[in-house]
Amino acid sequence: MWNVVKALKGRRLRPAAIWFIAGAKSEGPRHEGARVRGPIRIMLSKDDILAALASVPGPDGKTPLNQSGAIDGVTIRDGKVFVAIRVHPARARELEGMRAAAEARIKALAGVASALVTLTAESEGAPAPAAAGGHAHRRGPETRAIPGVAKIIAVASGKGGVGKSTTACNLALGLAALGLKVGVLDADVFGPSMPRLFGVSGKPDLAPDGQKLKPMEAFGVKLMSIGFLVDENAAVVWRGPMVMSALNQFLREVEWGELDVLVVDMPPGTGDAQLTMAQNVPLSGAVIVSTPQDLSLIDARRGMAMFRQVNVPLIGVVENMSYFICPHCGGRSDIFAHGGARHEAETHGAPFLGEIPLDMTIRETSDGGAPIVVSAPASPQAKAYLAVAERVREALFAGAAQRAAPRIVIE
């Protein structure tokens, strides 16, 4: 993802800065003399893209890019083309010209509405060749902490729709209310929610060094999200290497400053983003969010198993939408059942952090960009989040030192 030069607030970022283009609009070339009586859809294929890159020298400066073995992925959707080129991180700035040339060649193709070519990270050591009948072992890059950030926690769920992002947002604000310096990294690049939840819009500024971005800020919490860099309605269509490269940039090319806790709102599931976080930073632990119903609990189990597999401690489990209190009669209804997340936590030896109700006020304040922990801190709903935050703080700072990040070996 390095060296994707962008216009940000009327300025050109340096090649070593970031960042992204998603849904950029440009017109494909028209043939002179052609008469168009209506929209013409030109079907592009991967072969068309690779053929266009034959005239661009690859990383060695001689071999055509399409024959160099460096192309890590080609995605085409609705005339938008995304290409990832795998390079060594140390050569990123040097190969910016190759990246730009490849992007220009793709944009020149008829039928291309927009194009994004990115440079993605090559592993520090190439995987060893597989022995006969065996498998190659791929190891990730060396892990290291983020300067100034004391603790990093992941807020995750096995599936979408369980209120993970709302929980992450109010958990972060709860930790800030307890006196901690807090940041939030929105790692859900396909469905970023933090700009809306925190009521923040606009684009981040460059840091004074011209190399990093300054995080946005709301309610005393520092924020970074892909949602600040793309249109709210734009679809981000990236393959795994692009996602992993973007997350690494969010971690290391944002000026986070001094933080007690960086809360990472993970995308749902157990895929590239989760493995990237576990492999590249020393996570202090994970918070699993689930509703009490069986369908959600099945996926929550997978989430707990995944973090255990990569040696990330489980801080605990939150049962969201645990119960509903009728605002008219005061009667309680367990719409999604009740107590399932507590039972799963006990079964798997993980702490149970608390119950969050299914409540209209939580929904209204979240949609309105004024989360309930800050807009109604004395309310029962806010107190439920604050109780979870207190338990998380105790787990983080009660004694154990931050663990070293694991290496992941895939066989």
# chains A, B, ... in the order shown; residues from 1 in each chain; ligands from 1

$ residues_around --residues "Asp48 of chain A" --least-positions-apart "3" --cutoff "12 Å" --atoms "only C-alpha atoms" --output "count of residues only"
21

$ residues_around --residues "segment 146-156 of chain A" --least-positions-apart "6" --cutoff "8 Å" --atoms "only C-alpha atoms" --output "VMD selection string"
chain A and resid 164 168 251 to 252 256 to 269 281 to 289 303 396 402

$ residues_around --residues "Gly199 of chain A" --least-positions-apart "2" --cutoff "9 Å" --atoms "only C-alpha atoms" --output "PyMOL selection string"
chain A and resi 194-197+201+218+366-371

$ residues_around --residues "Asp60 of chain A" --least-positions-apart "4" --cutoff "12 Å" --atoms "only C-alpha atoms" --output "count of residues only"
13

$ residues_around --residues "Cys326 of chain A" --least-positions-apart "3" --cutoff "12 Å" --atoms "only C-alpha atoms" --output "short mmCIF file (atom, residue, chain, number, x, y, z; two decimals) with C-alpha atoms, in the first residue's frame"
data_model
loop_
_atom_site.label_atom_id
_atom_site.label_comp_id
_atom_site.auth_asym_id
_atom_site.auth_seq_id
_atom_site.Cartn_x
_atom_site.Cartn_y
_atom_site.Cartn_z
CA TYR A 323 -32.53 -8.36 27.12
CA CYS A 329 -44.80 -1.08 30.55
CA GLY A 330 -41.37 -1.83 31.98
CA GLY A 331 -41.72 -5.52 31.17
CA ARG A 332 -38.64 -7.51 30.24
CA SER A 333 -38.36 -9.68 27.12
CA ASP A 334 -35.41 -11.92 26.25
CA ILE A 335 -35.73 -11.45 22.49
CA PRO A 357 -29.43 -4.45 26.80
CA LEU A 358 -31.19 -4.18 23.47
CA ASP A 359 -32.27 -0.57 23.75
CA MET A 360 -33.59 2.15 21.46
CA THR A 361 -31.52 4.85 23.16
#

$ residues_around --residues "Asp209 of chain A" --least-positions-apart "3" --cutoff "10 Å" --atoms "only C-alpha atoms" --output "count of residues only"
5

$ closest_residue --among "A:Leu180, A:Glu103, A:Val310, A:Met216" --to "Arg393 of chain A" --atoms "only C-alpha atoms"
A:Leu180

$ closest_residue --among "A:Ile372, A:Ala345, A:Val254, A:Ala177" --to "Gly210 of chain A" --atoms "only C-alpha atoms"
A:Val254

$ residues_around --residues "Gly174 of chain A" --least-positions-apart "6" --cutoff "12 Å" --atoms "only C-alpha atoms" --output "ChimeraX atom specification"
/A:167-168,180-183,219-221,261,263,371-377,381-393

$ write_last_selection --atoms "N, CA and C atoms" --output "PDB file, in the first residue's frame"
ATOM      1  N   THR A 167     -20.298  -1.685  20.545  1.00  0.00           N
ATOM      2  CA  THR A 167     -19.651  -2.086  21.797  1.00  0.00           C
ATOM      3  C   THR A 167     -18.225  -1.560  21.861  1.00  0.00           C
ATOM      4  N   ALA A 168     -17.467  -1.682  20.760  1.00  0.00           N
ATOM      5  CA  ALA A 168     -16.088  -1.189  20.735  1.00  0.00           C
ATOM      6  C   ALA A 168     -16.036   0.310  20.985  1.00  0.00           C
ATOM      7  N   LEU A 180      -8.104   6.838  31.160  1.00  0.00           N
ATOM      8  CA  LEU A 180      -7.054   6.331  30.283  1.00  0.00           C
ATOM      9  C   LEU A 180      -6.988   7.136  28.990  1.00  0.00           C
ATOM     10  N   LYS A 181      -5.805   7.181  28.386  1.00  0.00           N
ATOM     11  CA  LYS A 181      -5.638   7.757  27.055  1.00  0.00           C
ATOM     12  C   LYS A 181      -5.935   6.668  26.037  1.00  0.00           C
ATOM     13  N   VAL A 182      -6.934   6.908  25.180  1.00  0.00           N
ATOM     14  CA  VAL A 182      -7.480   5.838  24.354  1.00  0.00           C
ATOM     15  C   VAL A 182      -7.500   6.241  22.879  1.00  0.00           C
ATOM     16  N   GLY A 183      -7.212   5.279  22.023  1.00  0.00           N
ATOM     17  CA  GLY A 183      -7.394   5.434  20.583  1.00  0.00           C
ATOM     18  C   GLY A 183      -8.240   4.294  20.057  1.00  0.00           C
ATOM     19  N   PHE A 219     -14.485  13.304  21.511  1.00  0.00           N
ATOM     20  CA  PHE A 219     -14.739  12.959  22.916  1.00  0.00           C
ATOM     21  C   PHE A 219     -13.457  12.529  23.629  1.00  0.00           C
ATOM     22  N   GLY A 220     -12.323  13.098  23.204  1.00  0.00           N
ATOM     23  CA  GLY A 220     -11.057  12.782  23.843  1.00  0.00           C
ATOM     24  C   GLY A 220     -10.431  11.484  23.389  1.00  0.00           C
ATOM     25  N   VAL A 221     -10.977  10.848  22.365  1.00  0.00           N
ATOM     26  CA  VAL A 221     -10.471   9.579  21.848  1.00  0.00           C
ATOM     27  C   VAL A 221      -9.918   9.788  20.441  1.00  0.00           C
ATOM     28  N   VAL A 261      -4.361   2.643  25.855  1.00  0.00           N
ATOM     29  CA  VAL A 261      -5.035   1.529  25.190  1.00  0.00           C
ATOM     30  C   VAL A 261      -5.406   1.933  23.769  1.00  0.00           C
ATOM     31  N   VAL A 263      -7.893   0.505  21.056  1.00  0.00           N
ATOM     32  CA  VAL A 263      -8.992  -0.440  20.845  1.00  0.00           C
ATOM     33  C   VAL A 263      -9.141  -0.664  19.343  1.00  0.00           C
ATOM     34  N   PRO A 371     -22.438   8.707  21.203  1.00  0.00           N
ATOM     35  CA  PRO A 371     -22.610   7.436  21.923  1.00  0.00           C
ATOM     36  C   PRO A 371     -23.087   7.632  23.350  1.00  0.00           C
ATOM     37  N   ILE A 372     -23.835   6.656  23.832  1.00  0.00           N
ATOM     38  CA  ILE A 372     -24.550   6.821  25.093  1.00  0.00           C
ATOM     39  C   ILE A 372     -23.633   7.032  26.280  1.00  0.00           C
ATOM     40  N   VAL A 373     -22.407   6.525  26.232  1.00  0.00           N
ATOM     41  CA  VAL A 373     -21.480   6.711  27.345  1.00  0.00           C
ATOM     42  C   VAL A 373     -21.138   8.179  27.545  1.00  0.00           C
ATOM     43  N   VAL A 374     -21.164   8.975  26.466  1.00  0.00           N
ATOM     44  CA  VAL A 374     -20.871  10.404  26.609  1.00  0.00           C
ATOM     45  C   VAL A 374     -22.140  11.252  26.603  1.00  0.00           C
ATOM     46  N   SER A 375     -23.203  10.806  25.919  1.00  0.00           N
ATOM     47  CA  SER A 375     -24.420  11.624  25.840  1.00  0.00           C
ATOM     48  C   SER A 375     -25.333  11.434  27.042  1.00  0.00           C
ATOM     49  N   ALA A 376     -25.259  10.259  27.680  1.00  0.00           N
ATOM     50  CA  ALA A 376     -26.087  10.000  28.870  1.00  0.00           C
ATOM     51  C   ALA A 376     -25.309   9.120  29.834  1.00  0.00           C
ATOM     52  N   PRO A 377     -24.214   9.641  30.386  1.00  0.00           N
ATOM     53  CA  PRO A 377     -23.310   8.802  31.181  1.00  0.00           C
ATOM     54  C   PRO A 377     -23.925   8.232  32.456  1.00  0.00           C
ATOM     55  N   GLN A 381     -27.965   2.240  30.677  1.00  0.00           N
ATOM     56  CA  GLN A 381     -27.286   1.659  29.517  1.00  0.00           C
ATOM     57  C   GLN A 381     -25.798   2.024  29.518  1.00  0.00           C
ATOM     58  N   ALA A 382     -25.492   3.311  29.809  1.00  0.00           N
ATOM     59  CA  ALA A 382     -24.091   3.728  29.865  1.00  0.00           C
ATOM     60  C   ALA A 382     -23.356   3.028  31.000  1.00  0.00           C
ATOM     61  N   LYS A 383     -24.038   2.849  32.121  1.00  0.00           N
ATOM     62  CA  LYS A 383     -23.403   2.179  33.257  1.00  0.00           C
ATOM     63  C   LYS A 383     -23.052   0.730  32.928  1.00  0.00           C
ATOM     64  N   ALA A 384     -23.858   0.102  32.065  1.00  0.00           N
ATOM     65  CA  ALA A 384     -23.532  -1.266  31.646  1.00  0.00           C
ATOM     66  C   ALA A 384     -22.216  -1.286  30.870  1.00  0.00           C
ATOM     67  N   TYR A 385     -22.026  -0.315  29.957  1.00  0.00           N
ATOM     68  CA  TYR A 385     -20.765  -0.237  29.222  1.00  0.00           C
ATOM     69  C   TYR A 385     -19.600   0.108  30.150  1.00  0.00           C
ATOM     70  N   LEU A 386     -19.840   1.021  31.090  1.00  0.00           N
ATOM     71  CA  LEU A 386     -18.773   1.412  32.008  1.00  0.00           C
ATOM     72  C   LEU A 386     -18.327   0.238  32.879  1.00  0.00           C
ATOM     73  N   ALA A 387     -19.285  -0.617  33.261  1.00  0.00           N
ATOM     74  CA  ALA A 387     -18.931  -1.797  34.043  1.00  0.00           C
ATOM     75  C   ALA A 387     -18.026  -2.731  33.231  1.00  0.00           C
ATOM     76  N   VAL A 388     -18.337  -2.877  31.938  1.00  0.00           N
ATOM     77  CA  VAL A 388     -17.477  -3.683  31.059  1.00  0.00           C
ATOM     78  C   VAL A 388     -16.095  -3.048  30.959  1.00  0.00           C
ATOM     79  N   ALA A 389     -16.050  -1.716  30.803  1.00  0.00           N
ATOM     80  CA  ALA A 389     -14.768  -1.022  30.687  1.00  0.00           C
ATOM     81  C   ALA A 389     -13.924  -1.202  31.943  1.00  0.00           C
ATOM     82  N   GLU A 390     -14.562  -1.169  33.117  1.00  0.00           N
ATOM     83  CA  GLU A 390     -13.817  -1.356  34.362  1.00  0.00           C
ATOM     84  C   GLU A 390     -13.185  -2.748  34.416  1.00  0.00           C
ATOM     85  N   ARG A 391     -13.914  -3.749  33.960  1.00  0.00           N
ATOM     86  CA  ARG A 391     -13.375  -5.110  33.974  1.00  0.00           C
ATOM     87  C   ARG A 391     -12.238  -5.260  32.969  1.00  0.00           C
ATOM     88  N   VAL A 392     -12.366  -4.601  31.827  1.00  0.00           N
ATOM     89  CA  VAL A 392     -11.299  -4.653  30.837  1.00  0.00           C
ATOM     90  C   VAL A 392     -10.050  -3.953  31.370  1.00  0.00           C
ATOM     91  N   ARG A 393     -10.237  -2.782  31.984  1.00  0.00           N
ATOM     92  CA  ARG A 393      -9.089  -2.072  32.556  1.00  0.00           C
ATOM     93  C   ARG A 393      -8.382  -2.930  33.600  1.00  0.00           C
TER      94      ARG A 393
END

$ select_by_dssp --residues "segment 205-343 of chain A" --states "alpha helix (DSSP H)" --output "MDAnalysis selection string"
chainID A and resid 240:252 272:280 294:309 340:343
